[in-house]
Each structure stands twice: as structure tokens, then as C-alpha cells.
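Listing of protein-v7.txt; format and content: compact mmCIF, C-alpha atoms.
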# COMPACT_ATOMS: atom_id res chain seq x y z
CA MET A 7 -10.47 -20.27 0.03
CA ARG A 8 -8.75 -20.41 3.41
CA GLY A 9 -5.57 -21.66 1.76
CA LEU A 10 -5.68 -18.86 -0.80
CA LEU A 11 -6.19 -16.21 1.90
CA LYS A 12 -3.33 -17.71 3.90
CA ARG A 13 -1.03 -17.67 0.88
CA VAL A 14 -2.00 -14.13 -0.12
CA VAL A 15 -2.71 -12.38 3.19
CA SER A 16 -1.16 -14.19 6.17
CA GLU A 17 1.89 -16.07 4.97
CA PRO A 18 2.69 -15.19 1.36
CA GLY A 19 6.33 -16.27 1.39
CA ALA A 20 6.13 -19.40 3.48
CA ASP A 21 5.66 -22.16 0.90
CA THR A 22 9.13 -22.52 -0.58
CA ALA A 23 12.54 -20.89 -0.41
CA GLU A 24 11.85 -19.32 -3.82
CA SER A 25 8.59 -17.78 -2.64
CA PHE A 26 10.34 -16.44 0.48
CA VAL A 27 12.91 -14.66 -1.69
CA ARG A 28 10.21 -13.50 -4.13
CA ARG A 29 8.22 -12.06 -1.22
CA ILE A 30 11.18 -9.88 -0.20
CA ARG A 31 11.49 -8.50 -3.72
CA VAL A 32 7.76 -7.89 -3.98
CA LEU A 33 7.77 -6.16 -0.59
CA ALA A 34 10.70 -3.92 -1.59
CA ALA A 35 8.91 -2.98 -4.83
CA THR A 36 5.65 -2.40 -2.94
CA TYR A 37 7.27 -0.02 -0.44
CA THR A 38 8.91 1.91 -3.27
CA VAL A 39 5.71 2.18 -5.32
CA LEU A 40 3.70 3.16 -2.25
CA PHE A 41 6.15 5.87 -1.19
CA CYS A 42 6.46 7.34 -4.69
CA ALA A 43 2.70 7.22 -5.28
CA CYS A 44 2.01 8.95 -1.96
CA CYS A 45 4.51 11.71 -2.78
CA ALA A 46 2.97 12.08 -6.24
CA GLY A 47 -0.50 12.25 -4.64
CA GLU A 48 0.60 15.02 -2.28
CA VAL A 49 2.08 16.99 -5.19
CA VAL A 50 -1.06 16.60 -7.35
CA LEU A 51 -3.29 17.67 -4.43
CA VAL A 52 -1.16 20.70 -3.65
CA VAL A 53 -0.71 21.85 -7.26
CA TYR A 54 -4.35 21.29 -8.29
CA GLY A 55 -5.87 22.03 -4.88
CA LYS A 56 -8.22 24.71 -6.23
CA LEU A 57 -9.62 22.33 -8.84
CA PHE A 58 -10.31 19.60 -6.26
CA VAL A 59 -11.88 21.97 -3.76
CA THR A 60 -14.15 23.33 -6.53
CA LEU A 61 -15.06 19.81 -7.66
CA ALA A 62 -15.78 18.78 -4.08
CA GLN A 63 -17.94 21.86 -3.47
CA ARG A 64 -19.93 21.40 -6.65
CA SER A 65 -20.47 17.64 -6.47
CA ASN A 66 -21.84 17.24 -2.93
CA VAL A 67 -18.58 15.70 -1.71
CA GLU A 68 -17.16 16.99 1.55
CA THR A 69 -14.23 19.32 0.96
CA LEU A 70 -12.70 17.61 3.96
CA THR A 71 -12.14 14.59 1.68
CA VAL A 72 -9.35 16.55 0.01
CA PHE A 73 -7.75 17.16 3.40
CA PHE A 74 -8.31 13.51 4.35
CA LEU A 75 -6.42 12.42 1.23
CA LEU A 76 -3.57 14.80 2.13
CA VAL A 77 -3.31 13.20 5.59
CA PHE A 78 -3.79 9.68 4.18
CA TYR A 79 -0.98 10.08 1.66
CA GLY A 80 1.23 11.73 4.28
CA TYR A 81 0.69 8.89 6.75
CA LEU A 82 1.35 6.16 4.20
CA ALA A 83 4.40 8.03 2.90
CA ALA A 84 5.76 8.14 6.45
CA VAL A 85 5.02 4.43 6.98
CA SER A 86 6.56 3.37 3.66
CA ALA A 87 9.58 5.72 3.73
CA PRO A 88 11.81 3.27 5.70
CA GLY A 89 10.76 0.52 3.29
CA ALA A 90 11.57 2.65 0.25
CA LEU A 91 14.93 3.48 1.82
CA GLY A 92 15.47 -0.23 2.53
CA ALA A 93 14.64 -1.08 -1.08
CA ALA A 94 17.17 1.51 -2.26
CA ARG A 95 19.78 -0.01 0.07
CA ILE A 96 19.00 -3.51 -1.25
CA ALA A 97 19.57 -2.23 -4.80
CA LEU A 98 22.79 -0.53 -3.71
CA HIS A 99 24.00 -3.68 -1.95
CA ALA A 100 23.27 -5.74 -5.07
CA LEU A 101 25.26 -3.28 -7.19
CA ARG A 102 28.20 -3.36 -4.80
CA LEU A 103 28.14 -7.17 -4.73
CA ARG A 104 28.22 -7.26 -8.52
CA PHE A 105 31.32 -5.10 -8.78
CA THR A 106 33.27 -6.08 -5.67
CA PRO A 107 36.19 -8.51 -6.03
CA ASP A 108 35.53 -10.05 -2.58
CA ARG A 109 31.83 -10.89 -2.27
CA GLU A 110 32.12 -12.56 1.14
CA ALA A 111 33.86 -9.58 2.72
CA GLU A 112 31.27 -7.24 1.20
CA ARG A 113 28.38 -9.33 2.54
CA ARG A 114 30.00 -9.46 5.98
CA ARG A 115 30.34 -5.68 5.88
CA GLN A 116 26.69 -5.32 4.87
CA LEU A 117 25.57 -7.62 7.67
CA ALA A 118 27.67 -5.73 10.22
CA ALA A 119 26.07 -2.48 9.04
CA LEU A 120 22.69 -3.77 10.26
CA GLY A 121 23.84 -3.26 13.83
CA GLU A 122 23.83 -5.45 16.89
CA PRO A 123 21.42 -8.38 17.01
CA GLY A 124 18.42 -8.13 19.29
CA GLU A 125 15.16 -9.76 20.18
CA GLY A 126 13.17 -11.03 17.23
CA PRO A 127 9.52 -11.91 16.67
CA TRP A 128 7.76 -14.81 18.32
CA ALA A 129 4.59 -16.77 17.80
CA ALA A 130 2.55 -19.41 19.58
CA LEU A 131 1.78 -22.71 17.86
CA GLY A 132 -1.36 -24.77 18.14
CA LYS A 133 0.77 -27.80 18.96
CA VAL A 134 3.89 -28.38 21.02
CA LEU A 135 7.01 -29.07 18.94
CA GLU A 136 9.68 -31.33 20.41
CA ARG A 137 12.60 -33.38 19.26
CA ALA A 138 12.03 -37.10 19.60
CA ASP A 139 15.43 -37.52 21.30
CA GLY A 140 14.66 -34.79 23.86
CA GLU A 141 17.34 -32.42 22.59
CA PRO A 142 16.51 -28.69 22.50
CA LEU A 143 14.99 -27.54 19.25
CA ARG A 144 17.17 -24.74 17.90
CA PHE A 145 18.03 -23.89 14.31
CA GLU A 146 20.98 -21.65 13.54
CA LEU A 147 20.50 -19.19 10.69
CA ARG A 148 23.89 -18.71 9.15
CA ASP A 149 25.41 -18.08 5.74
CA ASP A 150 28.79 -16.99 4.39
CA ALA A 151 28.18 -13.45 5.66
CA GLY A 152 27.68 -14.53 9.25
CA SER A 153 24.87 -15.25 11.67
CA HIS A 154 21.28 -14.09 11.25
CA GLY A 155 20.34 -15.41 14.68
CA ALA A 156 18.49 -18.61 15.40
CA ILE A 157 15.01 -20.04 15.60
CA GLN A 158 14.27 -21.59 18.94
CA VAL A 159 11.24 -23.68 19.85
CA GLU A 160 10.21 -24.11 23.47
CA GLY A 161 7.00 -26.04 23.77
CA ALA A 162 4.53 -24.15 21.62
CA ARG A 163 6.57 -20.97 21.50
CA VAL A 164 8.68 -20.35 18.42
CA ALA A 165 10.95 -17.32 18.39
CA GLN A 166 13.73 -15.78 16.35
CA LEU A 167 16.64 -15.00 18.62
CA GLU A 168 19.54 -12.59 18.01
CA ALA A 169 17.69 -11.16 15.06
CA ARG A 170 18.97 -8.30 12.94
CA LYS A 171 16.71 -5.23 12.83
CA ASP A 172 13.89 -6.88 14.79
CA GLY A 173 13.81 -9.98 12.58
CA SER A 174 11.02 -11.18 10.35
CA ALA A 175 7.66 -12.71 11.29
CA ASP A 176 7.48 -14.25 7.84
CA LEU A 177 10.60 -16.24 8.71
CA LEU A 178 8.61 -17.90 11.50
CA ALA A 179 5.75 -18.59 9.06
CA TYR A 180 8.25 -20.14 6.63
CA PHE A 181 9.77 -22.26 9.40
CA VAL A 182 6.40 -23.57 10.59
CA ARG A 183 5.27 -24.31 7.03
CA GLN A 184 8.45 -26.30 6.41
CA VAL A 185 7.97 -28.26 9.64
CA GLU A 186 4.41 -29.02 8.52
CA ASP A 187 5.74 -30.15 5.16
CA VAL A 188 8.44 -32.35 6.67
CA THR A 189 6.31 -33.93 9.39
CA GLY A 190 3.01 -34.06 7.48
CA GLU A 191 1.24 -32.56 10.52
CA GLN A 192 -0.93 -29.45 10.60
CA ILE A 193 0.69 -26.91 12.96
CA PRO A 194 -1.28 -23.68 12.99
CA ILE A 195 0.19 -20.45 14.31
CA VAL A 196 -2.51 -19.35 16.74
CA VAL A 197 -1.06 -16.11 18.17
CA TRP A 198 1.54 -13.68 16.83
CA GLY A 199 3.62 -12.04 19.55
CA GLN A 200 4.02 -8.74 17.68
CA ILE A 201 0.26 -8.39 17.34
CA ASP A 202 -1.19 -9.69 20.60
CA ASP A 203 1.53 -10.52 23.12
CA ASP A 204 -0.83 -10.65 26.15
CA GLU A 205 -3.05 -13.23 24.50
CA GLY A 206 0.05 -15.14 23.40
CA GLU A 207 1.56 -15.22 26.87
CA ARG A 208 -1.73 -16.41 28.37
CA TYR A 209 -2.00 -19.18 25.80
CA LEU A 210 1.62 -20.26 26.28
CA ALA A 211 1.12 -20.35 30.06
CA GLN A 212 -1.67 -22.88 29.53
CA VAL A 213 0.57 -24.95 27.29
CA GLU A 214 3.33 -24.89 29.90
CA PHE A 215 0.83 -25.93 32.55
CA ALA A 216 -0.11 -28.96 30.42
CA ARG A 217 3.56 -29.86 29.90
CA SER A 218 4.35 -29.53 33.61
CA LEU A 219 1.34 -31.66 34.49
CA ARG A 220 2.47 -34.31 32.03
CA ARG A 221 5.94 -34.39 33.60
CA ALA A 222 4.46 -34.57 37.09
CA LEU A 223 2.11 -37.40 36.13
CA GLY A 224 4.62 -39.15 33.91
CA SER A 225 1.85 -39.54 31.35
CA PRO A 226 1.85 -39.26 27.55
CA ALA A 227 1.59 -35.77 26.09
CA LEU A 228 -1.52 -33.91 27.30
CA TRP A 229 -1.23 -31.07 24.81
CA PRO A 230 -1.19 -31.97 21.09
CA THR A 231 2.48 -32.59 20.35
CA VAL A 232 4.52 -33.10 17.19
CA LEU A 233 7.81 -34.96 17.53
CA LEU A 234 10.64 -34.23 15.14
CA SER A 235 13.13 -36.98 14.39
CA ALA A 236 16.82 -36.21 13.86
CA GLU A 237 16.36 -36.60 10.07
CA GLN A 238 13.39 -34.28 10.03
CA THR A 239 15.29 -31.71 12.09
CA GLU A 240 18.16 -31.94 9.62
CA GLU A 241 15.77 -31.42 6.68
CA VAL A 242 14.23 -28.34 8.30
CA SER A 243 17.75 -26.99 8.94
CA ARG A 244 18.61 -27.53 5.29
CA ARG A 245 15.50 -25.65 4.16
CA LEU A 246 16.31 -22.78 6.52
CA ALA A 247 19.84 -22.63 5.14
CA GLN A 248 18.36 -22.06 1.67
CA ILE A 249 16.80 -18.77 2.73
CA ALA A 250 19.54 -17.59 5.10
CA PRO A 251 21.31 -15.41 2.47
CA SER A 252 18.10 -13.49 1.77
CA LEU A 253 17.60 -12.65 5.46
CA LEU A 254 20.06 -9.78 5.01
CA GLU A 255 17.76 -8.14 2.44
CA ASP A 256 14.73 -8.98 4.57
CA ALA A 257 16.28 -7.19 7.54
CA LEU A 258 16.53 -3.97 5.51
CA LEU A 259 12.77 -3.79 5.12
CA PRO A 260 10.53 -2.76 8.02
CA ASP A 261 8.23 -5.47 9.34
CA TRP A 262 4.86 -3.77 9.86
CA GLU A 263 2.59 -6.29 11.52
CA TYR A 264 -1.17 -5.82 11.45
CA GLN A 265 -4.33 -7.83 11.83
CA ALA A 266 -6.69 -7.74 8.86
CA GLU A 267 -10.43 -7.48 8.78
CA HIS A 268 -12.58 -7.51 5.69
CA LYS A 269 -16.19 -6.37 6.03
CA LEU A 270 -18.90 -6.35 3.42
CA PRO A 271 -22.03 -4.48 4.55
CA VAL A 272 -24.97 -6.21 2.87
CA ILE A 273 -27.39 -3.72 4.44
CA PRO A 274 -25.13 -0.78 5.21
CA GLU A 275 -25.20 1.72 8.09
CA PRO A 276 -27.21 3.36 9.58
CA LEU A 277 -29.41 0.22 9.47
CA GLY A 278 -26.46 -2.14 9.49
CA LEU A 279 -28.66 -5.23 9.80
CA VAL A 280 -26.42 -7.61 7.91
CA SER A 281 -22.72 -7.47 7.21
CA LEU A 282 -20.28 -10.15 6.22
CA GLY A 283 -16.87 -10.25 7.82
CA ARG A 284 -13.66 -12.19 7.70
CA SER A 285 -10.56 -11.56 9.77
CA ALA A 286 -6.98 -12.77 9.75
CA LYS A 287 -4.83 -12.84 12.88
CA ARG A 288 -1.89 -11.59 10.87
CA ALA A 289 -1.66 -9.81 7.57
CA ASP A 290 1.79 -9.86 6.02
CA PRO A 291 3.23 -6.46 5.03
CA VAL A 292 3.08 -7.65 1.41
CA ALA A 293 -0.71 -7.83 1.76
CA THR A 294 -1.27 -4.70 3.88
CA MET A 295 1.21 -2.45 2.10
CA GLY A 296 0.25 -3.96 -1.25
CA PHE A 297 -3.40 -3.17 -0.65
CA ALA A 298 -2.50 0.33 0.56
CA ALA A 299 -0.40 0.83 -2.60
CA LEU A 300 -3.34 -0.36 -4.70
CA MET A 301 -5.69 2.11 -3.02
CA VAL A 302 -3.20 4.97 -3.35
CA LEU A 303 -2.64 4.19 -7.04
CA LEU A 304 -6.38 3.99 -7.61
CA THR A 305 -7.12 7.35 -5.96
CA LEU A 306 -4.11 8.89 -7.68
CA ALA A 307 -5.35 7.61 -11.05
CA VAL A 308 -8.78 9.14 -10.41
CA MET A 309 -7.21 12.46 -9.42
CA VAL A 310 -4.98 12.54 -12.50
CA LEU A 311 -8.02 11.66 -14.62
CA PHE A 312 -9.90 14.61 -13.08
CA VAL A 313 -6.97 16.90 -13.88
CA ILE A 314 -6.73 15.70 -17.49
CA ALA A 315 -10.47 15.46 -18.09
CA PRO A 316 -12.47 17.32 -15.44
CA PRO A 317 -15.86 15.70 -14.84
CA TRP A 318 -19.16 17.35 -15.54
CA VAL A 319 -20.52 19.27 -12.57
CA PRO A 320 -23.88 21.02 -12.18
CA GLY A 321 -23.77 24.68 -13.11
CA MET B 27 -12.06 -17.11 -8.05
CA ILE B 28 -9.36 -15.60 -10.29
CA ARG B 29 -11.73 -15.67 -13.28
CA ALA B 30 -14.39 -13.89 -11.23
CA LEU B 31 -11.88 -11.23 -10.20
CA LEU B 32 -10.78 -10.75 -13.82
CA VAL B 33 -14.41 -10.38 -14.93
CA LEU B 34 -14.98 -7.87 -12.12
CA LEU B 35 -11.88 -5.95 -13.18
CA GLY B 36 -13.07 -5.90 -16.80
CA VAL B 37 -16.49 -4.62 -15.76
CA LEU B 38 -14.83 -1.93 -13.62
CA VAL B 39 -12.61 -0.81 -16.50
CA LEU B 40 -15.62 -0.63 -18.85
CA ALA B 41 -17.61 1.28 -16.24
CA CYS B 42 -14.72 3.72 -15.83
CA ILE B 43 -14.50 4.27 -19.59
CA GLY B 44 -18.27 4.81 -19.72
CA LEU B 45 -18.09 7.21 -16.80
CA VAL B 46 -15.32 9.22 -18.41
CA ARG B 47 -17.17 9.33 -21.76
CA GLY B 48 -20.54 10.13 -20.29
CA CYS B 49 -19.70 12.34 -17.34
CA SER B 50 -16.72 14.38 -18.43
CA GLY B 51 -16.94 18.14 -18.49
CA PRO B 52 -15.86 20.54 -21.23
CA ARG B 53 -12.23 21.44 -22.00
CA PRO B 54 -12.44 25.11 -22.93
CA GLU B 55 -9.66 26.60 -25.04
CA LEU B 56 -9.33 30.23 -26.02
CA VAL B 57 -9.24 30.74 -29.80
CA SER B 58 -9.09 34.53 -29.90
CA ALA B 59 -9.91 37.64 -27.87
CA ARG B 60 -10.45 41.23 -28.97
CA LEU B 61 -12.17 44.50 -28.03
CA ARG B 62 -14.83 46.08 -30.23
CA GLY B 63 -15.65 49.49 -28.81
CA LYS B 64 -17.00 48.79 -25.34
CA VAL B 65 -17.54 45.07 -25.95
CA ALA B 66 -14.89 42.50 -25.23
CA GLU B 67 -15.24 39.32 -27.24
CA ALA B 68 -13.70 35.88 -26.72
CA VAL B 69 -14.00 32.95 -29.09
CA VAL B 70 -13.86 29.73 -27.08
CA ARG B 71 -13.61 26.19 -28.34
CA ASN B 72 -14.64 23.13 -26.34
CA ALA B 73 -11.87 20.64 -27.09
CA GLY B 74 -13.52 17.90 -25.03
CA SER B 75 -16.43 15.60 -25.65
CA GLY B 76 -18.21 16.67 -22.46
CA GLU B 77 -20.43 19.65 -21.81
CA GLY B 78 -20.82 22.08 -18.96
CA LEU B 79 -20.72 25.58 -17.61
CA VAL B 80 -17.48 27.50 -18.09
CA GLU B 81 -16.45 30.83 -16.67
CA VAL B 82 -14.79 33.46 -18.84
CA ASP B 83 -12.88 36.18 -17.00
CA PHE B 84 -12.20 39.32 -19.02
CA ARG B 85 -9.48 41.79 -17.99
CA LEU B 86 -9.05 45.05 -19.86
CA TRP B 87 -5.65 46.66 -19.22
CA PRO B 88 -5.51 50.43 -19.99
CA ARG B 89 -2.62 51.35 -22.31
CA SER B 90 -1.78 54.28 -20.05
CA GLY B 91 -1.40 51.96 -17.02
CA GLY B 92 -3.54 51.66 -13.94
CA PRO B 93 -5.83 48.92 -12.66
CA PRO B 94 -7.69 46.67 -15.11
CA LEU B 95 -11.42 46.52 -15.70
CA LEU B 96 -12.84 43.11 -14.76
CA LYS B 97 -15.91 41.21 -15.79
CA SER B 98 -16.88 37.54 -15.71
CA GLU B 99 -19.35 35.73 -17.90
CA ARG B 100 -20.61 32.17 -17.74
CA ALA B 101 -21.66 30.03 -20.65
CA THR B 102 -22.61 26.40 -21.22
CA LEU B 103 -20.53 24.73 -23.90
CA ARG B 104 -21.67 21.68 -25.84
CA PRO B 105 -19.24 18.97 -27.00
CA HIS B 106 -16.69 20.30 -29.54
CA GLU B 107 -18.58 23.58 -29.87
CA VAL B 108 -16.94 26.88 -30.84
CA ALA B 109 -18.72 29.82 -29.18
CA ARG B 110 -18.37 33.57 -29.06
CA ILE B 111 -18.77 35.07 -25.61
CA GLU B 112 -19.11 38.80 -25.06
CA ALA B 113 -18.94 41.16 -22.13
CA GLU B 114 -19.87 44.82 -22.22
CA PHE B 115 -17.71 47.33 -20.34
CA ASP B 116 -19.40 50.69 -19.89
CA ALA B 117 -16.20 52.29 -18.64
CA ALA B 118 -13.99 51.03 -21.48
CA ARG B 119 -12.27 53.53 -23.81
CA GLY B 120 -11.84 50.99 -26.59
CA ASP B 121 -8.03 50.88 -26.73
CA GLU B 122 -7.41 48.56 -23.76
CA ARG B 123 -5.46 45.34 -24.01
CA VAL B 124 -7.75 42.31 -23.57
CA GLU B 125 -6.78 39.40 -21.38
CA VAL B 126 -9.07 36.38 -21.08
CA GLU B 127 -8.93 33.48 -18.63
CA LEU B 128 -11.09 30.38 -18.88
CA ASP B 129 -12.10 28.32 -15.89
CA TYR B 130 -13.71 24.95 -15.67
CA PRO B 131 -15.35 24.16 -13.31
CA PRO B 132 -16.36 27.74 -12.45
CA ARG B 133 -14.88 28.70 -9.09

This structure in C-alpha cells:
Amino acid sequence: MRGLLKRVVSEPGADTAESFVRRIRVLAATYTVLFCACCAGEVVLVVYGKLFVTLAQRSNVETLTVFFLLVFYGYLAAVSAPGALGAARIALHALRLRFTPDREAERRRQLAALGEPGEGPWAALGKVLERADGEPLRFELRDDAGSHGAIQVEGARVAQLEARKDGSADLLAYFVRQVEDVTGEQIPIVVWGQIDDDEGERYLAQVEFARSLRRALGSPALWPTVLLSAEQTEEVSRRLAQIAPSLLEDALLPDWEYQAEHKLPVIPEPLGLVSLGRSAKRADPVATMGFAALMVLLTLAVMVLFVIAPPWVPG
Amino acid sequence: MIRALLVLLGVLVLACIGLVRGCSGPRPELVSARLRGKVAEAVVRNAGSGEGLVEVDFRLWPRSGGPPLLKSERATLRPHEVARIEAEFDAARGDERVEVELDYPPR
């Protein structure tokens, strides 16, 4: 169950290079569907406003629900608009690449259009990652179009540096999953910097304390540590190189980072005696925006159904 | 897990179909409208399989111009029923042009 939730909610594109690329396409489609559905919802509410107000008044539903849906669709349309625009740009880029005689030059131009690189996302790992030979752990992300920055590991902190358009948290999830795969060690991501940076900094300070103490004592590692050999580092680099070309498309989509909480009230409010809950430290935009798109499509379908076949209401 | 979700989805779809079949309202359509003396008459057909209260708004427009005479009637239509709904206008001359609007649900 935990693995399924992780694959679907927290890190949907982290398993393989193919799933990383698939995630970008799914996310682009999700943003587009969400934006279009929200706009359609606004139009339906505005055009058939009288019908919905009448239905609300006659069926003991608050008329404010209609206004809530207006605000809800408006908010989600605003959130998904950059994603829909990004998806359109991805499609445009793909078209240009198909018809251009010089693909490399076109890709370089597209990468340059993303603007100057800046600080990317970071996360804190449950274990310290180090190279066995003591060299710094840094992985360049580069393809024929140019540089997409680098992933740097310092102790338990993993960060994307010189990232385009704020980088991608799912890239870090992919990196950590590949390190797990290569080393055979479980390396959980315990804090996401974009979601809870204070908690992350506090945790990393403790890790640094343990590393400093180890150096001072000259003892074996005090904090759980995973050592990467030169071959393992090379393998991780190779796996990162597989996804480097798709980082350009990934950078065109906004990276909305949220926590997720699922609650099931067994005895609902106002008693609220028993409720079941499950939370995830990070919910990938594919999960959050996908769920939002699902809800918008569901409410839109109900509204369209009410327009086509109005329900029975008391006289 | 996936099988349980599929079963849940199937149950939801069936419930939705049942809800639409059992709880839908009427779909009133105007068949004809005319004026007989001081009585305006509208023949209304329920094109839907649901039932419910519909509102019929009559408007009589004088041939010589001026504001229309208004009257509203409500009637409960059964599934696929064709009904004749009348409204009496004391002030009508009998030569007005009849305009009928149907509303469901009644505003």
C-alpha cells in the first residue's frame, strides 16, 4: 500500500527514465484538461446561473455553493494556466523540432529561452550519501542542448543547482530512487525543502553535527551513511543522462508542491469521534493537479447533466 | 486494490444512472398556443421520463401595440404526458398575439 501511494502520490515518475518522461506528458495533459475544464465550468455556471440558483434554492442546498464553485474553478484555472501554457509550448517546441533542419540549434535556442539558471529544489535524506573515495558527490545534467544544472549531495542534503525555471522536485525523487536501486539501500527523503524548509534546515543541522562529531572523534559514521563507489556513481550519472533531454519540457511546467492529507470521517462532525487519516509529506503535481482535474470534471459532468436533464425538485 | 476501485466505480456509475432515471424532472416542450376569447391555452408535452411542477408564462400582446397582459400558471406533468394548460384573462379583447414560455424548475 505504501509503495502504491508513493508511486501514485509522492514520486510518480521516479522509477525509471521512461516513467519520468511519461510523468511530464501526463502532467502537461493534466494541466491542459484542468484549465479547459475550469473555463468550461465558469461558462456553464454563468450561462445557466438562473437554473443553478433555482435548483439550489429548491433543493435545500446553499446558493453559496454556486458562488463557491465559481471561485473554485477560478482559482484552479489561475493555478493551472501556466501549466496549460507550458503544455502548449511543449507542443509547439515538438512541432518546431520536427520541421527544423538543425535540431541541436533549435534545442539550444529553446533552452536559452528558459532564462538564466537559478536555485533549484532541495530535499533532506534519511541517510548521508558519500562517495567511497571522498570525492564530492555532484552529477552534471547535460544533453546536446546544453546544461540543465547539476545535482549536488552534501551529507544528507540533495539539491538541484543552476536549475532552469526553479527546477523539478521530481528530479530529486528520481535521483534518490536510482541511488537506492544502484546501491540496494533504502534512502528515504524525509523533508522537502519547498514544503517545509525550516524543518529541513533543523534536520540537516543535526546531521551536520553528527558528521562534525565523527570527524572530531575520528570514529566510524555516526549517522546512517551510504557509500557510493566510483562504478555506482557512474551508473547513477548514466541514468541521469537518460532523462536530461526531457528536463527542458519539465522546466516548462510549473512545479506546484503540496503536502497531501486524506481523511475519512467514520463518525463525522459535529461528533467527530473517529476519523481515519493518512498524510504524505509531498504530493507530486501529477497527483494534486490530477485529483483537482478529476473533481472539476466530476462537478462539471454533474452540472452538464443538470442542464440536459434537470432533476426533480419539490413543487 | 485496483479491482475494488473498479467495482466501486461500477457501483457509482450504476447509482448515477439510477439517480438520473429516478430523480429527473420533466422536460416541458410547447406543442401549441392559442387564444379562445378570454382564455389563453397552451398544449405542453413532457419530453422527459421525469415528473414535476412546471411554470407556464402567458403573454398576450395587443395587436394595436402597448404593454402585454401577463399571467402564470403552474402544473404538474407526469412522464411523457401531453397536457392542456389554460389561463383566463379578464382584460383580453380576444385578438391578442399569444406568447408562451415554459420554465422548469419554476423560478

task: Hey, list the chain A side of the contact with chain B: 9 Å cut-off, all atoms listed in the file, answer as an MDAnalysis selection string.
output: chainID A and resid 7 56:57 60:61 64 311:312 315:321

field: Residues near Glu107 of chain B, cut-off 8 Å, all atoms listed in the file, skip fewer than 4 positions along chain, as a PyMOL selection string
entry: chain B and resi 71-73+103

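In this structure, atom CA of Val308 of chain A sits 10.6 Å away from atom CA of Gly47 of chain A.
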
Atomic separation - atom CA of Lys97 of chain B relative to atom CA of Phe115 of chain B, Å: 7.8 Å

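Of the residues listed (A:Ser285, A:Gln158, A:Gln116, A:Gln238), A:Gln116 shows the shortest atom-to-atom separation from Glu255 of chain A; distances use all atoms listed in the file.
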
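The two atoms in question, atom CA of Pro142 of chain A and atom CA of Ser243 of chain A, are spaced 13.7 Å apart.
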
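When only C-alpha atoms are used to compute distances to Gly121 of chain A, the closest of the residues A:Ala169, A:Met295, A:Ile195, A:Val27 turns out to be A:Ala169.
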
Starting from the incomplete input, reconstruct N, CA and C atoms of segment 135-156 of chain A and write that as a JSON list (two decimals), keeping the file's coordinate frame.
[["chain", "number", "residue", "atom", "x", "y", "z"],
["A", 135, "LEU", "N", 6.00, -28.46, 19.83],
["A", 135, "LEU", "CA", 7.01, -29.07, 18.94],
["A", 135, "LEU", "C", 8.17, -29.54, 19.80],
["A", 136, "GLU", "N", 8.55, -30.80, 19.64],
["A", 136, "GLU", "CA", 9.68, -31.33, 20.41],
["A", 136, "GLU", "C", 10.51, -32.26, 19.55],
["A", 137, "ARG", "N", 11.77, -32.39, 19.93],
["A", 137, "ARG", "CA", 12.60, -33.38, 19.26],
["A", 137, "ARG", "C", 12.33, -34.73, 19.91],
["A", 138, "ALA", "N", 12.32, -35.76, 19.09],
["A", 138, "ALA", "CA", 12.03, -37.10, 19.60],
["A", 138, "ALA", "C", 13.09, -37.56, 20.59],
["A", 139, "ASP", "N", 14.34, -37.08, 20.39],
["A", 139, "ASP", "CA", 15.43, -37.52, 21.30],
["A", 139, "ASP", "C", 15.56, -36.60, 22.52],
["A", 140, "GLY", "N", 14.67, -35.65, 22.66],
["A", 140, "GLY", "CA", 14.66, -34.79, 23.86],
["A", 140, "GLY", "C", 15.63, -33.64, 23.81],
["A", 141, "GLU", "N", 16.39, -33.52, 22.72],
["A", 141, "GLU", "CA", 17.34, -32.42, 22.59],
["A", 141, "GLU", "C", 16.58, -31.10, 22.39],
["A", 142, "PRO", "N", 17.19, -29.96, 22.76],
["A", 142, "PRO", "CA", 16.51, -28.69, 22.50],
["A", 142, "PRO", "C", 16.36, -28.43, 21.00],
["A", 143, "LEU", "N", 15.29, -27.77, 20.65],
["A", 143, "LEU", "CA", 14.99, -27.54, 19.25],
["A", 143, "LEU", "C", 15.43, -26.12, 18.88],
["A", 144, "ARG", "N", 16.61, -26.04, 18.25],
["A", 144, "ARG", "CA", 17.17, -24.74, 17.90],
["A", 144, "ARG", "C", 17.82, -24.84, 16.52],
["A", 145, "PHE", "N", 17.52, -23.88, 15.68],
["A", 145, "PHE", "CA", 18.03, -23.89, 14.31],
["A", 145, "PHE", "C", 18.84, -22.62, 14.07],
["A", 146, "GLU", "N", 20.11, -22.81, 13.80],
["A", 146, "GLU", "CA", 20.98, -21.65, 13.54],
["A", 146, "GLU", "C", 20.72, -21.13, 12.13],
["A", 147, "LEU", "N", 20.68, -19.81, 12.00],
["A", 147, "LEU", "CA", 20.50, -19.19, 10.69],
["A", 147, "LEU", "C", 21.82, -18.54, 10.31],
["A", 148, "ARG", "N", 22.54, -19.17, 9.43],
["A", 148, "ARG", "CA", 23.89, -18.71, 9.15],
["A", 148, "ARG", "C", 24.19, -18.88, 7.66],
["A", 149, "ASP", "N", 24.91, -17.92, 7.10],
["A", 149, "ASP", "CA", 25.41, -18.08, 5.74],
["A", 149, "ASP", "C", 26.85, -17.57, 5.69],
["A", 150, "ASP", "N", 27.39, -17.39, 4.49],
["A", 150, "ASP", "CA", 28.79, -16.99, 4.39],
["A", 150, "ASP", "C", 29.05, -15.59, 4.95],
["A", 151, "ALA", "N", 27.99, -14.80, 5.11],
["A", 151, "ALA", "CA", 28.18, -13.45, 5.66],
["A", 151, "ALA", "C", 28.24, -13.46, 7.18],
["A", 152, "GLY", "N", 27.69, -14.47, 7.79],
["A", 152, "GLY", "CA", 27.68, -14.53, 9.25],
["A", 152, "GLY", "C", 26.36, -15.04, 9.77],
["A", 153, "SER", "N", 26.08, -14.73, 11.04],
["A", 153, "SER", "CA", 24.87, -15.25, 11.67],
["A", 153, "SER", "C", 23.69, -14.30, 11.54],
["A", 154, "HIS", "N", 22.53, -14.86, 11.26],
["A", 154, "HIS", "CA", 21.28, -14.09, 11.25],
["A", 154, "HIS", "C", 20.43, -14.44, 12.47],
["A", 155, "GLY", "N", 21.07, -15.02, 13.47],
["A", 155, "GLY", "CA", 20.34, -15.41, 14.68],
["A", 155, "GLY", "C", 19.97, -16.88, 14.63],
["A", 156, "ALA", "N", 18.92, -17.21, 15.34],
["A", 156, "ALA", "CA", 18.49, -18.61, 15.40],
["A", 156, "ALA", "C", 16.99, -18.66, 15.65]]
